[in-house]
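Colleague: Hey, dropping my_file.pdb in here, PDB, C-alpha atoms:
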```
ATOM      1  CA  MET Z   1      99.659  66.253  67.002
ATOM      2  CA  SER Z   2      99.878  70.043  67.295
ATOM      3  CA  ASP Z   3      99.072  71.549  70.670
ATOM      4  CA  PRO Z   4      96.625  74.515  70.633
ATOM      5  CA  ARG Z   5      97.356  75.689  74.194
ATOM      6  CA  PRO Z   6      98.460  79.343  74.244
ATOM      7  CA  ILE Z   7     101.145  81.211  76.144
ATOM      8  CA  LEU Z   8      99.523  83.741  78.465
ATOM      9  CA  PHE Z   9     101.104  87.110  79.302
ATOM     10  CA  PHE Z  10      99.806  89.070  82.287
ATOM     11  CA  ASP Z  11     100.265  92.680  83.372
ATOM     12  CA  SER Z  12      98.268  95.362  85.145
ATOM     13  CA  GLY Z  13      98.201  97.377  81.920
ATOM     14  CA  VAL Z  14      99.825  97.289  78.509
ATOM     15  CA  GLY Z  15     103.472  97.455  79.602
ATOM     16  CA  GLY Z  16     103.788  93.699  79.168
ATOM     17  CA  LEU Z  17     103.641  94.229  75.410
ATOM     18  CA  SER Z  18     107.362  95.039  75.711
ATOM     19  CA  ILE Z  19     107.792  91.385  76.737
ATOM     20  CA  VAL Z  20     105.474  90.065  74.039
ATOM     21  CA  ALA Z  21     107.629  91.523  71.247
ATOM     22  CA  PRO Z  22     110.831  89.524  71.997
ATOM     23  CA  ALA Z  23     108.738  86.436  72.766
ATOM     24  CA  ARG Z  24     107.183  86.609  69.301
ATOM     25  CA  ARG Z  25     110.615  86.786  67.747
ATOM     26  CA  GLU Z  26     111.617  83.622  69.591
ATOM     27  CA  LEU Z  27     108.342  81.735  68.981
ATOM     28  CA  PRO Z  28     106.519  83.143  65.947
ATOM     29  CA  VAL Z  29     104.328  80.028  65.690
ATOM     30  CA  ALA Z  30     102.908  80.219  69.234
ATOM     31  CA  ARG Z  31      99.398  81.440  69.971
ATOM     32  CA  LEU Z  32      99.483  84.228  72.539
ATOM     33  CA  ILE Z  33      96.943  85.648  74.958
ATOM     34  CA  TYR Z  34      97.605  88.999  76.581
ATOM     35  CA  ALA Z  35      95.722  89.688  79.829
ATOM     36  CA  ALA Z  36      95.624  93.186  81.325
ATOM     37  CA  ASP Z  37      94.157  93.798  84.759
ATOM     38  CA  SER Z  38      92.810  97.190  83.747
ATOM     39  CA  ALA Z  39      90.283  97.068  86.602
ATOM     40  CA  GLY Z  40      93.205  96.950  89.049
ATOM     41  CA  PHE Z  41      95.562  99.307  87.200
ATOM     42  CA  PRO Z  42      98.015 100.645  88.303
ATOM     43  CA  TYR Z  43      99.768  98.159  90.584
ATOM     44  CA  GLY Z  44     102.770 100.335  91.383
ATOM     45  CA  VAL Z  45     100.905 102.542  93.863
ATOM     46  CA  LYS Z  46      99.109  99.701  95.651
ATOM     47  CA  GLN Z  47     100.067  98.008  98.900
ATOM     48  CA  GLU Z  48     101.816  94.649  98.763
ATOM     49  CA  ALA Z  49      98.980  92.800 100.494
ATOM     50  CA  GLU Z  50      96.471  93.831  97.844
ATOM     51  CA  ILE Z  51      98.700  92.705  94.983
ATOM     52  CA  ALA Z  52      99.647  89.472  96.776
ATOM     53  CA  GLY Z  53      95.962  88.577  97.080
ATOM     54  CA  ARG Z  54      94.742  89.836  93.722
ATOM     55  CA  VAL Z  55      97.310  88.405  91.316
ATOM     56  CA  PRO Z  56      97.132  84.675  92.214
ATOM     57  CA  ALA Z  57      93.328  84.748  92.267
ATOM     58  CA  LEU Z  58      93.105  86.498  88.917
ATOM     59  CA  LEU Z  59      95.676  84.246  87.275
ATOM     60  CA  GLY Z  60      93.756  81.258  88.589
ATOM     61  CA  ARG Z  61      90.655  82.478  86.738
ATOM     62  CA  LEU Z  62      92.644  83.128  83.579
ATOM     63  CA  ALA Z  63      94.304  79.701  83.713
ATOM     64  CA  GLU Z  64      90.929  77.990  84.162
ATOM     65  CA  ARG Z  65      89.397  79.820  81.217
ATOM     66  CA  TYR Z  66      92.250  79.746  78.685
ATOM     67  CA  ARG Z  67      94.263  76.637  79.716
ATOM     68  CA  PRO Z  68      97.702  78.074  78.901
ATOM     69  CA  ARG Z  69     100.798  75.889  78.600
ATOM     70  CA  LEU Z  70     102.855  78.621  80.289
ATOM     71  CA  ILE Z  71     102.160  81.942  82.033
ATOM     72  CA  VAL Z  72     104.431  84.962  81.874
ATOM     73  CA  ILE Z  73     103.910  87.542  84.612
ATOM     74  CA  ALA Z  74     105.005  90.451  82.426
ATOM     75  CA  CYS Z  75     105.007  92.898  85.330
ATOM     76  CA  ASN Z  76     107.904  93.575  87.683
ATOM     77  CA  THR Z  77     105.651  94.694  90.529
ATOM     78  CA  ALA Z  78     103.441  91.601  90.389
ATOM     79  CA  SER Z  79     106.481  89.324  89.996
ATOM     80  CA  THR Z  80     108.514  90.712  92.880
ATOM     81  CA  ILE Z  81     105.488  90.485  95.194
ATOM     82  CA  ALA Z  82     103.412  87.506  94.063
ATOM     83  CA  LEU Z  83     105.590  85.193  91.951
ATOM     84  CA  GLY Z  84     106.065  82.611  94.708
ATOM     85  CA  ALA Z  85     102.383  82.540  95.588
ATOM     86  CA  VAL Z  86     101.365  82.092  91.949
ATOM     87  CA  ARG Z  87     103.783  79.206  91.481
ATOM     88  CA  THR Z  88     102.377  77.539  94.588
ATOM     89  CA  ALA Z  89      98.770  78.033  93.525
ATOM     90  CA  LEU Z  90      98.940  76.981  89.863
ATOM     91  CA  ASP Z  91     100.083  73.775  88.226
ATOM     92  CA  VAL Z  92     101.412  75.673  85.203
ATOM     93  CA  PRO Z  93     104.990  76.777  84.457
ATOM     94  CA  ILE Z  94     105.363  80.429  85.502
ATOM     95  CA  VAL Z  95     107.952  82.877  84.187
ATOM     96  CA  GLY Z  96     108.392  86.070  86.186
ATOM     97  CA  THR Z  97     109.804  89.447  85.232
ATOM     98  CA  VAL Z  98     112.323  90.864  87.690
ATOM     99  CA  PRO Z  99     114.701  93.829  87.457
ATOM    100  CA  ALA Z 100     117.639  93.090  85.135
ATOM    101  CA  ILE Z 101     120.280  94.038  87.704
ATOM    102  CA  LYS Z 102     122.583  91.134  86.863
ATOM    103  CA  PRO Z 103     123.122  92.055  83.188
ATOM    104  CA  ALA Z 104     123.327  95.745  84.104
ATOM    105  CA  ALA Z 105     126.132  95.072  86.586
ATOM    106  CA  ALA Z 106     127.937  93.001  83.976
ATOM    107  CA  ILE Z 107     128.223  95.957  81.584
ATOM    108  CA  SER Z 108     128.499  98.995  83.862
ATOM    109  CA  ARG Z 109     131.902 100.672  83.694
ATOM    110  CA  THR Z 110     131.314 103.356  86.322
ATOM    111  CA  ARG Z 111     129.786 100.780  88.720
ATOM    112  CA  VAL Z 112     126.834 103.120  89.294
ATOM    113  CA  ILE Z 113     123.500 101.675  88.186
ATOM    114  CA  GLY Z 114     120.058 103.239  88.155
ATOM    115  CA  VAL Z 115     117.023 101.026  88.819
ATOM    116  CA  LEU Z 116     113.943 102.748  87.450
ATOM    117  CA  GLY Z 117     110.653 101.062  88.310
ATOM    118  CA  THR Z 118     107.463 101.637  90.244
ATOM    119  CA  ALA Z 119     107.564 102.587  93.904
ATOM    120  CA  ALA Z 120     106.180  99.159  94.812
ATOM    121  CA  THR Z 121     108.919  97.362  92.875
ATOM    122  CA  VAL Z 122     112.006  99.313  93.921
ATOM    123  CA  ARG Z 123     111.281  98.958  97.644
ATOM    124  CA  GLN Z 124     111.017  95.146  97.560
ATOM    125  CA  ALA Z 125     113.413  92.847  99.408
ATOM    126  CA  TYR Z 126     113.609  90.901  96.131
ATOM    127  CA  VAL Z 127     115.462  93.883  94.653
ATOM    128  CA  ASP Z 128     117.729  94.036  97.727
ATOM    129  CA  ASP Z 129     118.652  90.415  97.095
ATOM    130  CA  LEU Z 130     119.374  90.961  93.391
ATOM    131  CA  ALA Z 131     121.588  93.935  94.180
ATOM    132  CA  THR Z 132     123.486  91.996  96.866
ATOM    133  CA  ARG Z 133     123.987  88.916  94.710
ATOM    134  CA  PHE Z 134     124.861  90.525  91.385
ATOM    135  CA  ALA Z 135     125.876  94.153  92.004
ATOM    136  CA  SER Z 136     127.621  94.148  95.376
ATOM    137  CA  ASP Z 137     130.479  96.251  93.983
ATOM    138  CA  CYS Z 138     128.097  98.803  92.465
ATOM    139  CA  GLN Z 139     126.187 101.768  93.769
ATOM    140  CA  VAL Z 140     122.554 101.009  92.961
ATOM    141  CA  ILE Z 141     120.315 104.076  92.851
ATOM    142  CA  ARG Z 142     116.619 103.195  92.883
ATOM    143  CA  HIS Z 143     113.779 105.429  91.829
ATOM    144  CA  GLY Z 144     110.061 104.732  91.588
ATOM    145  CA  SER Z 145     107.786 106.622  89.204
ATOM    146  CA  ALA Z 146     104.055 106.186  88.699
ATOM    147  CA  ASP Z 147     104.038 109.044  86.175
ATOM    148  CA  LEU Z 148     106.142 107.097  83.665
ATOM    149  CA  VAL Z 149     103.605 104.258  83.722
ATOM    150  CA  THR Z 150     100.822 106.703  82.890
ATOM    151  CA  LEU Z 151     102.924 108.297  80.145
ATOM    152  CA  ALA Z 152     103.708 104.902  78.577
ATOM    153  CA  GLU Z 153     100.031 103.982  78.492
ATOM    154  CA  ALA Z 154      99.225 107.347  76.914
ATOM    155  CA  LYS Z 155     101.923 106.899  74.256
ATOM    156  CA  LEU Z 156     100.547 103.495  73.308
ATOM    157  CA  ARG Z 157      97.092 105.054  72.881
ATOM    158  CA  GLY Z 158      98.620 107.440  70.369
ATOM    159  CA  GLU Z 159      98.824 110.509  72.602
ATOM    160  CA  ALA Z 160     101.777 112.917  72.616
ATOM    161  CA  VAL Z 161     104.229 112.491  75.487
ATOM    162  CA  SER Z 162     105.629 115.649  77.064
ATOM    163  CA  PRO Z 163     109.458 115.617  77.155
ATOM    164  CA  ASP Z 164     109.308 117.803  80.268
ATOM    165  CA  ALA Z 165     107.095 115.262  82.028
ATOM    166  CA  VAL Z 166     109.601 112.469  81.323
ATOM    167  CA  ARG Z 167     112.518 114.622  82.523
ATOM    168  CA  ASP Z 168     110.661 115.516  85.704
ATOM    169  CA  ALA Z 169     109.855 111.848  86.341
ATOM    170  CA  ILE Z 170     113.499 110.735  86.300
ATOM    171  CA  ALA Z 171     115.100 113.885  87.730
ATOM    172  CA  PRO Z 172     115.288 112.567  91.353
ATOM    173  CA  MET Z 173     117.300 109.537  90.228
ATOM    174  CA  LEU Z 174     119.816 111.635  88.319
ATOM    175  CA  ALA Z 175     120.021 114.199  91.136
ATOM    176  CA  ALA Z 176     120.672 111.596  93.850
ATOM    177  CA  PRO Z 177     124.209 111.384  95.282
ATOM    178  CA  GLY Z 178     126.246 109.610  92.612
ATOM    179  CA  GLY Z 179     123.513 110.014  90.013
ATOM    180  CA  ASP Z 180     125.773 111.918  87.649
ATOM    181  CA  ALA Z 181     127.915 108.766  87.301
ATOM    182  CA  ILE Z 182     125.067 106.438  86.272
ATOM    183  CA  ASP Z 183     126.026 104.733  83.017
ATOM    184  CA  THR Z 184     123.453 101.911  83.032
ATOM    185  CA  ILE Z 185     119.750 102.130  83.850
ATOM    186  CA  VAL Z 186     117.613  99.080  84.551
ATOM    187  CA  LEU Z 187     114.100  99.569  83.220
ATOM    188  CA  ALA Z 188     112.440  97.682  86.077
ATOM    189  CA  CYS Z 189     108.889  98.187  84.847
ATOM    190  CA  THR Z 190     107.689  96.607  81.629
ATOM    191  CA  HIS Z 191     106.005  99.881  80.667
ATOM    192  CA  PHE Z 192     109.300 101.752  80.520
ATOM    193  CA  PRO Z 193     110.866 100.188  77.374
ATOM    194  CA  LEU Z 194     107.871 101.681  75.554
ATOM    195  CA  LEU Z 195     109.407 105.074  76.450
ATOM    196  CA  SER Z 196     113.013 104.219  75.611
ATOM    197  CA  GLU Z 197     113.449 107.073  73.116
ATOM    198  CA  GLU Z 198     111.896 109.626  75.450
ATOM    199  CA  LEU Z 199     113.987 108.387  78.380
ATOM    200  CA  ALA Z 200     117.217 108.584  76.386
ATOM    201  CA  GLU Z 201     116.413 112.177  75.445
ATOM    202  CA  ALA Z 202     115.518 113.038  79.042
ATOM    203  CA  VAL Z 203     118.800 111.681  80.453
ATOM    204  CA  GLY Z 204     120.668 113.858  77.994
ATOM    205  CA  ARG Z 205     123.917 111.885  77.969
ATOM    206  CA  PRO Z 206     124.995 108.402  76.876
ATOM    207  CA  VAL Z 207     123.618 105.638  79.094
ATOM    208  CA  THR Z 208     122.708 102.032  78.415
ATOM    209  CA  PHE Z 209     119.168 100.899  79.147
ATOM    210  CA  VAL Z 210     118.665  97.272  80.166
ATOM    211  CA  ASP Z 211     115.373  95.408  80.473
ATOM    212  CA  GLY Z 212     114.342  91.799  80.894
ATOM    213  CA  GLY Z 213     112.479  91.347  77.606
ATOM    214  CA  PRO Z 214     115.126  89.533  75.523
ATOM    215  CA  GLY Z 215     116.051  87.204  78.395
ATOM    216  CA  ILE Z 216     112.424  86.335  79.045
ATOM    217  CA  GLY Z 217     111.876  85.573  75.360
ATOM    218  CA  GLN Z 218     114.821  83.167  75.492
ATOM    219  CA  ARG Z 219     113.510  81.607  78.716
ATOM    220  CA  ILE Z 220     110.102  80.970  77.153
ATOM    221  CA  ALA Z 221     111.754  79.369  74.126
ATOM    222  CA  TYR Z 222     113.831  77.132  76.415
ATOM    223  CA  LEU Z 223     110.846  76.008  78.502
ATOM    224  CA  THR Z 224     108.782  75.174  75.413
ATOM    225  CA  GLN Z 225     111.620  73.507  73.503
ATOM    226  CA  GLY Z 226     110.344  70.460  71.620
ATOM    227  CA  GLN Z 227     106.689  71.386  72.063
ATOM    228  CA  THR Z 228     104.301  71.633  69.143
ATOM    229  CA  PHE Z 229     102.058  74.592  68.416
ATOM    230  CA  ALA Z 230      98.768  75.093  66.614
ATOM    231  CA  ARG Z 231      97.308  78.472  65.713
ATOM    232  CA  ASP Z 232      93.723  77.329  65.271
ATOM    233  CA  GLN Z 233      92.505  80.577  66.866
ATOM    234  CA  ALA Z 234      93.604  84.202  66.637
ATOM    235  CA  ASP Z 235      95.720  85.795  69.327
ATOM    236  CA  LEU Z 236      93.599  87.467  71.966
ATOM    237  CA  ALA Z 237      93.820  90.408  74.373
ATOM    238  CA  VAL Z 238      91.745  90.169  77.564
ATOM    239  CA  PHE Z 239      90.938  93.060  79.906
ATOM    240  CA  THR Z 240      89.395  92.895  83.362
ATOM    241  CA  GLY Z 241      87.978  96.403  82.992
ATOM    242  CA  ASP Z 242      87.541  99.077  80.373
ATOM    243  CA  VAL Z 243      89.728  99.234  77.265
ATOM    244  CA  ALA Z 244      90.877 102.814  76.774
ATOM    245  CA  PRO Z 245      90.156 104.424  73.388
ATOM    246  CA  GLY Z 246      93.053 103.954  70.992
ATOM    247  CA  LEU Z 247      94.410 100.804  72.613
ATOM    248  CA  ASP Z 248      92.741  98.536  70.069
ATOM    249  CA  ARG Z 249      94.985  99.930  67.324
ATOM    250  CA  ALA Z 250      98.088  99.504  69.474
ATOM    251  CA  LEU Z 251      97.141  95.944  70.372
ATOM    252  CA  ALA Z 252      96.654  95.136  66.683
ATOM    253  CA  ARG Z 253     100.206  96.339  65.979
ATOM    254  CA  TYR Z 254     101.403  93.714  68.469
ATOM    255  CA  GLY Z 255      99.298  91.004  66.785
ATOM    256  CA  PHE Z 256      96.207  91.086  69.016
ATOM    257  CA  ASP Z 257      93.272  91.666  66.673
ATOM    258  CA  ARG Z 258      90.663  90.351  69.099
ATOM    259  CA  VAL Z 259      89.809  91.978  72.453
ATOM    260  CA  GLU Z 260      87.412  90.707  75.076
ATOM    261  CA  ARG Z 261      86.483  91.314  78.732
ATOM    262  CA  LEU Z 262      87.147  88.748  81.435
TER     263      LEU Z 262
END
```
Spit out the file's structure as structure tokens when you get a sec.

Modeller:
Amino acid sequence: MSDPRPILFFDSGVGGLSIVAPARRELPVARLIYAADSAGFPYGVKQEAEIAGRVPALLGRLAERYRPRLIVIACNTASTIALGAVRTALDVPIVGTVPAIKPAAAISRTRVIGVLGTAATVRQAYVDDLATRFASDCQVIRHGSADLVTLAEAKLRGEAVSPDAVRDAIAPMLAAPGGDAIDTIVLACTHFPLLSEELAEAVGRPVTFVDGGPGIGQRIAYLTQGQTFARDQADLAVFTGDVAPGLDRALARYGFDRVERL
């Protein structure tokens, strides 16, 4: 018999939609639920202790209500801080989103890599470990930006994004010692692929952007291999707080025609 349990994606805002898109390509028959902790947005400026306490508790509530077969933490900040705690707390397969340093190191020719995320993500020991394990022969230049998160959310609502604001947001990374040699930039926040065109223009020279979306889509497909799916209900977007004007249209473009509050 077909299994109606959904796959649940979780982020502080709407950045996780950049993970939903490749997942849909891998599993077009799956029912998806997208959960945004808009009441706690943004995570990138919060302290680790707050995120470590909030995320497992909130995902526990979501798992109890929606009974997902698998949960994707589509947020680098939440994953690098709370992934272990969530896996301990919930008896559900959990897929995290972590900076794509390994594939970036595999393709960099200059051996200088930029890691562009939130301040909370780029300072994590998890990122230290990834850089040591997979990019030990590279210079890894990290930069955290809360402004890019805000700009990505605004773009998804249909608002114009200032090119100057994007340039200003990434300028410290490019101006850092060695920054002029960066040839690969890890988009270590799921919001940032939503600004890929603006970021490419702001850099002003050829670079390769790498994010975890395609790999996560493949991982979800692998973990659900052989499972059956039933789409007896529409895909759903869930918010813990207010839904900003204009987001409903953006969510519909990603297949989420229904929106409700947790």

Colleague: Determine the nearest neighbour of Z:Phe239 from the options Z:Leu251, Z:Ile185, Z:Val259, Z:Leu174, counting all atoms listed in the file.

Modeller: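 Using all atoms listed in the file, Z:Phe239 sits closest to Z:Val259.
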
Colleague: Using only C-alpha atoms for the distances, tell me which of Z:Glu159, Z:Asp129, Z:Glu50, Z:Asp11 is nearest to Z:Ala36.

Modeller: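 Among the listed residues, the smallest separation from Z:Ala36 belongs to Z:Asp11.
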
Colleague: Neighbouring residues of stretch 61-76 of chain Z were defined as those with any atom within 7 Å, considering all atoms listed in the file; residues of the same chain fewer than 2 positions away were excluded. Please report them as a list in words.

Modeller: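 Returned residues: Arg5, Pro6, Ile7, Leu8, Phe9, Phe10, Asp11, Gly16, Ile19, Ala57, Leu58, Leu59, Ala78, Ser79, Thr80, Val92, Pro93, Ile94, Val95, Gly96, Thr97, Val98, Pro99, Thr121, Ala188, Cys189 and Thr190 of chain Z.
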
Colleague: May I ask for the distance between atom CA of Z:Leu156 and atom CA of Z:Ala21, given in Å to one decimal place?

Modeller: 14.1 Å

Colleague: If we draw a sphere of 8 Å around (131.7, 98.3, 91.9), which residues have at least one atom in it when counting all atoms listed in the file? Please report them as a list in words.

Modeller: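 Answer for this query, in the requested form: Thr110, Arg111, Val112, Ala135, Ser136, Asp137, Cys138 and Gln139 of chain Z.
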
Colleague: Grab the atom CA of Z:Ala230 to atom CA of Z:Asp91 distance for me, in Å with one decimal place.

Modeller: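 Value for the atom CA of Z:Ala230-atom CA of Z:Asp91 distance: 21.7 Å.
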
Colleague: Which is closer to Z:Ile216 than all the others in Z:Arg24, Z:Arg167, Z:Arg253, Z:Arg87, using all atoms listed in the file?

Modeller: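 For Z:Ile216, the nearest of the given residues is Z:Arg24.
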
Colleague: Using only C-alpha atoms, can you tell me which of Z:Pro177, Z:Val127, Z:Phe41, Z:Pro28 comes closest to Z:Thr150?

Modeller: Z:Phe41

Colleague: At a cut-off of 8 Å, using all atoms listed in the file, what residues contact Z:Ala237? Leave out same-chain residues fewer than 6 positions from it and give the result as a list of chain:residue names.

Modeller: Z:Ile33, Z:Tyr34, Z:Ala35, Z:Ala36, Z:Leu251, Z:Phe256, Z:Asp257, Z:Arg258, Z:Val259, Z:Glu260

Colleague: Have a look at Z:Ala154, Z:Ala120, Z:Ala176, Z:Leu27 and name the one nearest to Z:Tyr222; count only C-alpha atoms.

Modeller: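 Checking each of Z:Ala154, Z:Ala120, Z:Ala176, Z:Leu27 against Z:Tyr222, counting only C-alpha atoms, the winner is Z:Leu27.
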
Colleague: Translate the PyMOL selection byres ((chain Z and resi 56) around 9), as applied to the file shown, into an explicit residue set as a list in words.

Modeller: Ile51, Ala52, Gly53, Arg54, Val55, Ala57, Leu58, Leu59, Gly60, Arg61, Ala82, Leu83, Ala85, Val86, Arg87, Ala89 and Leu90 of chain Z

Colleague: May I ask for the distance between atom CA of Z:Gly217 and atom CA of Z:Ala244, given in Å to one decimal place?

Modeller: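 Computing the Euclidean distance for atom CA of Z:Gly217 and atom CA of Z:Ala244 yields 27.2 Å.
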